[in-house]
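*Asks:* My questions all concern the structure below.
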Amino acid sequence: MPRQMNLALLLGNGVHVAGWRLPEAEYGPDSFDLMLRQTLIAEAAKFDMVFLADSLAAGKDAPPGILSRLEPLTLLTALAMRTTHIGLAATGSTTYSEPYNLARMFASLDHLSGGRAGWNIVTSSNREAAGNFSMAERPDAETRYEMAGEFVDICMGLWDSWEDGAFVKDKERGVPADLSKYHALDYVGRHHQVKGPLNMARPPQGHPVMIQAGSSATGMGFAGKYAEVVFTVQGDLEVTKAFGKKVRALAEAEGRDPSTLKILPGICPIIAENEQEARKMLARLASLADPVAAMQMLTQRMDMPELASMPLDSPIPELPPERMRGHAIAMTAVAKKYGFNLGQLRDYASASMGHRLIFGSPQQVADDLEEWFVSGAADGFILHPPFVPGPVEVFATEVVPILQKRGLFRRDYEGPTLRDHLGLARPTHPAAVTRTTA
């Protein structure tokens, strides 16, 4: 079967800082109905998954998309009851969570959805979040990644507490589980100590799909070790190719098959009858933007609160090494490429949260995605609609059919699990590997 594009939808209220103000837009941060309608549109179009970002802090001046939102795993569990195939992925912090609780929640989602759970592993760069978790300040980046490595190792160990088929449910003998298939964890690390076992059967997918979005050197190394899907902020085709090549080389160095990594850049398409009309839509959105909310979006993306006190015509300052991560790297590259000053970069970030903007007709958008996919720069894309639900429906009903006609995207799901959609193998239990090699 020819290589197929993967598509995911960032579920929410739209990424443009002013998108919610359009008369045709809906703003419902606590609306299950709005989230469900978007999810059903994506499932009807055969998207791989919907994806919920998260923030663990929101001051009174936060951008609308962060100011209020439902807890992701609770929302995805509700969506699992109303859907049948689409993957359900959410952000889970390794800095402000406990491994046992998070492993248990994602395993539960995988069981309840029939194998459709995905975990976006984040170390939480938001400075304000520390104050919500009894911390005086956020741990530094090196410590956060060290904590994250322990955290993920523990979660994988907990998901493997029981081998496949351990719960035999033998009524005649009165045996609920085969205890020979139980494996203790007893993890002791620098940051975490977890005894285990997890009190449930191994998840249907073995492990929920592991998603990660790191672009710093440390983040890329983490992706090479753990990630199956790499959610990345990229704006240049050749740079994205080099990024993918480096992450896959890091995965190979960890003894993994580099071809199994899926590189999914975020995109924000402004779709209209033609490019001219699409640009008018962007200008219309920009005219509604709150400059304070727009600047806060940029300062959070770059982890540089000091930008808010600088004149808008200032050049973008050089990033200190400890802040060379993800969005900050991408935003700095965009500023250098286009010669943006602070005000121009603010407007760019407010339009798409820093992800790549695409303008034009459905045909032009499809052409753009095909170029990136066929060139090998991307295995697929995470759709960041500027507002909802209109752009989601337009992409699903006008862009997806073009991709399907070109043989680039599925016409139906190949299986019931998120791993099936992504073409990822189900992890074999370590005990089974040991018996095979013994």
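Following the order of the structure tokens, first chain is A, next is B, and so on, with residues numbered from 1 inside each chain and ligands from 1 in the order they appear.
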Taking the backbone alone, and naming residues the way the document does, which bits of segment 145-193 of chain A are helix (DSSP H, G or I) by DSSP, as a PyMOL selection string?

*Replies:* chain A and resi 145-159+179-181

*Asks:* I'd like the neighbourhood of Val168 of chain A as JSON, numbers by chain, where a residue qualifies if any of its atoms comes within 12 Å (using only C-alpha atoms), though same-chain residues fewer than 4 positions away should be ignored.

*Replies:* {"A": [162, 163, 164, 172, 173, 174, 175, 176, 177, 178, 179, 180, 181, 201]}

*Asks:* Mind dumping the selected residues with N, CA and C atoms as a PDB file, in the first residue's frame?

*Replies:*
ATOM      1  N   TRP A 162       1.068  -6.345  34.017  1.00  0.00           N
ATOM      2  CA  TRP A 162       0.475  -7.652  33.701  1.00  0.00           C
ATOM      3  C   TRP A 162       0.708  -7.964  32.231  1.00  0.00           C
ATOM      4  N   GLU A 163       1.058  -9.206  31.953  1.00  0.00           N
ATOM      5  CA  GLU A 163       1.205  -9.620  30.557  1.00  0.00           C
ATOM      6  C   GLU A 163      -0.162  -9.694  29.888  1.00  0.00           C
ATOM      7  N   ASP A 164      -0.144  -9.693  28.575  1.00  0.00           N
ATOM      8  CA  ASP A 164      -1.383  -9.882  27.821  1.00  0.00           C
ATOM      9  C   ASP A 164      -2.019 -11.208  28.215  1.00  0.00           C
ATOM     10  N   GLU A 172     -14.626 -21.394  37.158  1.00  0.00           N
ATOM     11  CA  GLU A 172     -14.644 -22.772  37.680  1.00  0.00           C
ATOM     12  C   GLU A 172     -13.577 -22.971  38.739  1.00  0.00           C
ATOM     13  N   ARG A 173     -12.366 -22.443  38.489  1.00  0.00           N
ATOM     14  CA  ARG A 173     -11.266 -22.603  39.450  1.00  0.00           C
ATOM     15  C   ARG A 173     -11.192 -21.450  40.450  1.00  0.00           C
ATOM     16  N   GLY A 174     -12.027 -20.415  40.229  1.00  0.00           N
ATOM     17  CA  GLY A 174     -11.977 -19.252  41.107  1.00  0.00           C
ATOM     18  C   GLY A 174     -10.694 -18.465  40.958  1.00  0.00           C
ATOM     19  N   VAL A 175     -10.203 -18.366  39.709  1.00  0.00           N
ATOM     20  CA  VAL A 175      -8.930 -17.677  39.452  1.00  0.00           C
ATOM     21  C   VAL A 175      -9.196 -16.464  38.543  1.00  0.00           C
ATOM     22  N   PRO A 176      -9.163 -15.260  39.083  1.00  0.00           N
ATOM     23  CA  PRO A 176      -9.384 -14.086  38.230  1.00  0.00           C
ATOM     24  C   PRO A 176      -8.192 -13.777  37.325  1.00  0.00           C
ATOM     25  N   ALA A 177      -6.976 -14.025  37.843  1.00  0.00           N
ATOM     26  CA  ALA A 177      -5.779 -13.655  37.074  1.00  0.00           C
ATOM     27  C   ALA A 177      -4.679 -14.688  37.262  1.00  0.00           C
ATOM     28  N   ASP A 178      -3.884 -14.870  36.220  1.00  0.00           N
ATOM     29  CA  ASP A 178      -2.721 -15.761  36.250  1.00  0.00           C
ATOM     30  C   ASP A 178      -1.553 -14.985  36.857  1.00  0.00           C
ATOM     31  N   LEU A 179      -1.244 -15.274  38.112  1.00  0.00           N
ATOM     32  CA  LEU A 179      -0.224 -14.510  38.824  1.00  0.00           C
ATOM     33  C   LEU A 179       1.183 -14.734  38.282  1.00  0.00           C
ATOM     34  N   SER A 180       1.372 -15.767  37.476  1.00  0.00           N
ATOM     35  CA  SER A 180       2.687 -15.960  36.860  1.00  0.00           C
ATOM     36  C   SER A 180       2.952 -14.882  35.797  1.00  0.00           C
ATOM     37  N   LYS A 181       1.891 -14.164  35.405  1.00  0.00           N
ATOM     38  CA  LYS A 181       2.025 -13.107  34.402  1.00  0.00           C
ATOM     39  C   LYS A 181       2.018 -11.711  35.036  1.00  0.00           C
ATOM     40  N   ALA A 201      -5.626  -4.419  33.663  1.00  0.00           N
ATOM     41  CA  ALA A 201      -4.997  -5.211  32.610  1.00  0.00           C
ATOM     42  C   ALA A 201      -4.187  -4.322  31.675  1.00  0.00           C
TER      43      ALA A 201
END

*Asks:* Show me a table, sorted first by chain and then by increasing residue number, of the residues of segment 53-158 of chain A having an atom at most 12 Å from segment 187-200 of chain A, each with its shortest atom pair and the distance in Å to one decimal, counting only C-alpha atoms and written as a Markdown table.

*Replies:*
| residue | atom | partner | partner_atom | distance |
| --- | --- | --- | --- | --- |
| A:Thr94 | CA | A:His192 | CA | 11.0 |
| A:Thr95 | CA | A:His191 | CA | 10.3 |
| A:Ser97 | CA | A:His192 | CA | 11.1 |
| A:Glu98 | CA | A:His192 | CA | 8.6 |
| A:Pro99 | CA | A:Val194 | CA | 8.0 |
| A:Tyr100 | CA | A:Val194 | CA | 7.3 |
| A:Asn101 | CA | A:Leu198 | CA | 9.4 |
| A:Leu102 | CA | A:Leu198 | CA | 10.8 |
| A:Ala103 | CA | A:Leu198 | CA | 8.0 |
| A:Arg104 | CA | A:Leu198 | CA | 6.8 |
| A:Met105 | CA | A:Leu198 | CA | 10.6 |
| A:Phe106 | CA | A:Met200 | CA | 11.5 |
| A:Ala107 | CA | A:Met200 | CA | 8.1 |
| A:Ser108 | CA | A:Met200 | CA | 8.3 |
| A:Leu109 | CA | A:Met200 | CA | 11.9 |
| A:Asp110 | CA | A:Met200 | CA | 11.4 |
| A:His111 | CA | A:Met200 | CA | 9.5 |
| A:Pro139 | CA | A:His191 | CA | 11.9 |
| A:Thr143 | CA | A:His191 | CA | 9.4 |
| A:Arg144 | CA | A:His191 | CA | 10.0 |
| A:Tyr145 | CA | A:His191 | CA | 11.1 |
| A:Glu146 | CA | A:His191 | CA | 8.3 |
| A:Met147 | CA | A:His191 | CA | 6.1 |
| A:Ala148 | CA | A:His191 | CA | 9.4 |
| A:Gly149 | CA | A:His191 | CA | 10.0 |
| A:Glu150 | CA | A:Gly189 | CA | 6.9 |
| A:Phe151 | CA | A:His192 | CA | 7.5 |
| A:Val152 | CA | A:His192 | CA | 11.0 |
| A:Asp153 | CA | A:Tyr187 | CA | 9.1 |
| A:Ile154 | CA | A:Tyr187 | CA | 7.0 |
| A:Cys155 | CA | A:Leu198 | CA | 9.2 |
| A:Met156 | CA | A:Leu198 | CA | 10.4 |
| A:Gly157 | CA | A:Pro197 | CA | 8.6 |
| A:Leu158 | CA | A:Leu198 | CA | 5.3 |

*Asks:* Within 9 Å of segment 411-413 of chain A, counting only C-alpha atoms, which residues show up once you throw out same-chain ones fewer than 6 positions away? Write them as a PyMOL selection string, please.

*Replies:* chain A and resi 45-48+85-86+401+404+420-421

*Asks:* Excluding segment 202-213 of chain A and any residue of its chain fewer than 6 positions from it, enumerate the residues within 9 Å of it, using only C-alpha atoms, and give them as a PyMOL selection string.

*Replies:* chain A and resi 89+91+106-111+114-122+155-156+158-166+219-220+222-223+226-233+326+417-419+424-429

*Asks:* Identify all residues of segment 81-302 of chain A in strand (DSSP E) (DSSP on the backbone) and supply them as a PyMOL selection string.

*Replies:* chain A and resi 87-93+117-122+187-188+193-194+209-212+229-232+262-271

*Asks:* Could you write those residues out with C-alpha atoms, as a PDB file, in the first residue's frame?

*Replies:*
ATOM      1  CA  GLY A  87      -7.769   8.471  18.025  1.00  0.00           C
ATOM      2  CA  LEU A  88      -7.986  10.492  21.231  1.00  0.00           C
ATOM      3  CA  ALA A  89      -4.745  12.185  22.304  1.00  0.00           C
ATOM      4  CA  ALA A  90      -4.071  14.586  25.161  1.00  0.00           C
ATOM      5  CA  THR A  91      -1.266  16.473  26.815  1.00  0.00           C
ATOM      6  CA  GLY A  92      -0.085  15.140  30.172  1.00  0.00           C
ATOM      7  CA  SER A  93       2.601  16.930  32.182  1.00  0.00           C
ATOM      8  CA  ALA A 117      -5.464   6.712  23.407  1.00  0.00           C
ATOM      9  CA  GLY A 118      -2.405   8.866  22.778  1.00  0.00           C
ATOM     10  CA  TRP A 119      -0.249  10.758  25.293  1.00  0.00           C
ATOM     11  CA  ASN A 120       1.454  14.019  24.379  1.00  0.00           C
ATOM     12  CA  ILE A 121       4.385  14.038  26.793  1.00  0.00           C
ATOM     13  CA  VAL A 122       5.270  17.557  27.964  1.00  0.00           C
ATOM     14  CA  TYR A 187      11.108   1.696  40.566  1.00  0.00           C
ATOM     15  CA  VAL A 188      13.518   3.877  42.523  1.00  0.00           C
ATOM     16  CA  GLN A 193       9.738   5.995  43.611  1.00  0.00           C
ATOM     17  CA  VAL A 194       6.839   3.831  42.411  1.00  0.00           C
ATOM     18  CA  VAL A 209       0.717   6.072  21.457  1.00  0.00           C
ATOM     19  CA  MET A 210       3.580   8.283  22.655  1.00  0.00           C
ATOM     20  CA  ILE A 211       3.600  11.839  21.248  1.00  0.00           C
ATOM     21  CA  GLN A 212       6.253  14.438  21.979  1.00  0.00           C
ATOM     22  CA  VAL A 229       4.712  10.820  16.883  1.00  0.00           C
ATOM     23  CA  VAL A 230       6.735  14.042  16.876  1.00  0.00           C
ATOM     24  CA  PHE A 231       4.501  17.122  16.952  1.00  0.00           C
ATOM     25  CA  THR A 232       6.712  19.947  15.745  1.00  0.00           C
ATOM     26  CA  LYS A 262       5.902  10.071  12.478  1.00  0.00           C
ATOM     27  CA  ILE A 263       6.814  13.744  11.964  1.00  0.00           C
ATOM     28  CA  LEU A 264       3.663  15.907  12.140  1.00  0.00           C
ATOM     29  CA  PRO A 265       4.148  19.693  11.870  1.00  0.00           C
ATOM     30  CA  GLY A 266       1.327  21.980  12.931  1.00  0.00           C
ATOM     31  CA  ILE A 267      -0.445  23.949  10.188  1.00  0.00           C
ATOM     32  CA  CYS A 268      -2.996  26.766  10.258  1.00  0.00           C
ATOM     33  CA  PRO A 269      -4.725  26.939   6.863  1.00  0.00           C
ATOM     34  CA  ILE A 270      -6.775  30.012   5.922  1.00  0.00           C
ATOM     35  CA  ILE A 271      -9.004  28.542   3.202  1.00  0.00           C
TER      36      ILE A 271
END

*Asks:* Tell me, in Å to one decimal, how far atom CA of Arg301 of chain A is from atom CA of Ala366 of chain A.

*Replies:*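 Atom-to-atom, atom CA of Arg301 of chain A and atom CA of Ala366 of chain A are spaced 27.7 Å apart.
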
*Asks:* Any idea what the distance is between atom CA of Gln38 of chain A and atom CA of Arg21 of chain A?

*Replies:*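 Atom-to-atom, atom CA of Gln38 of chain A and atom CA of Arg21 of chain A are spaced 18.4 Å apart.
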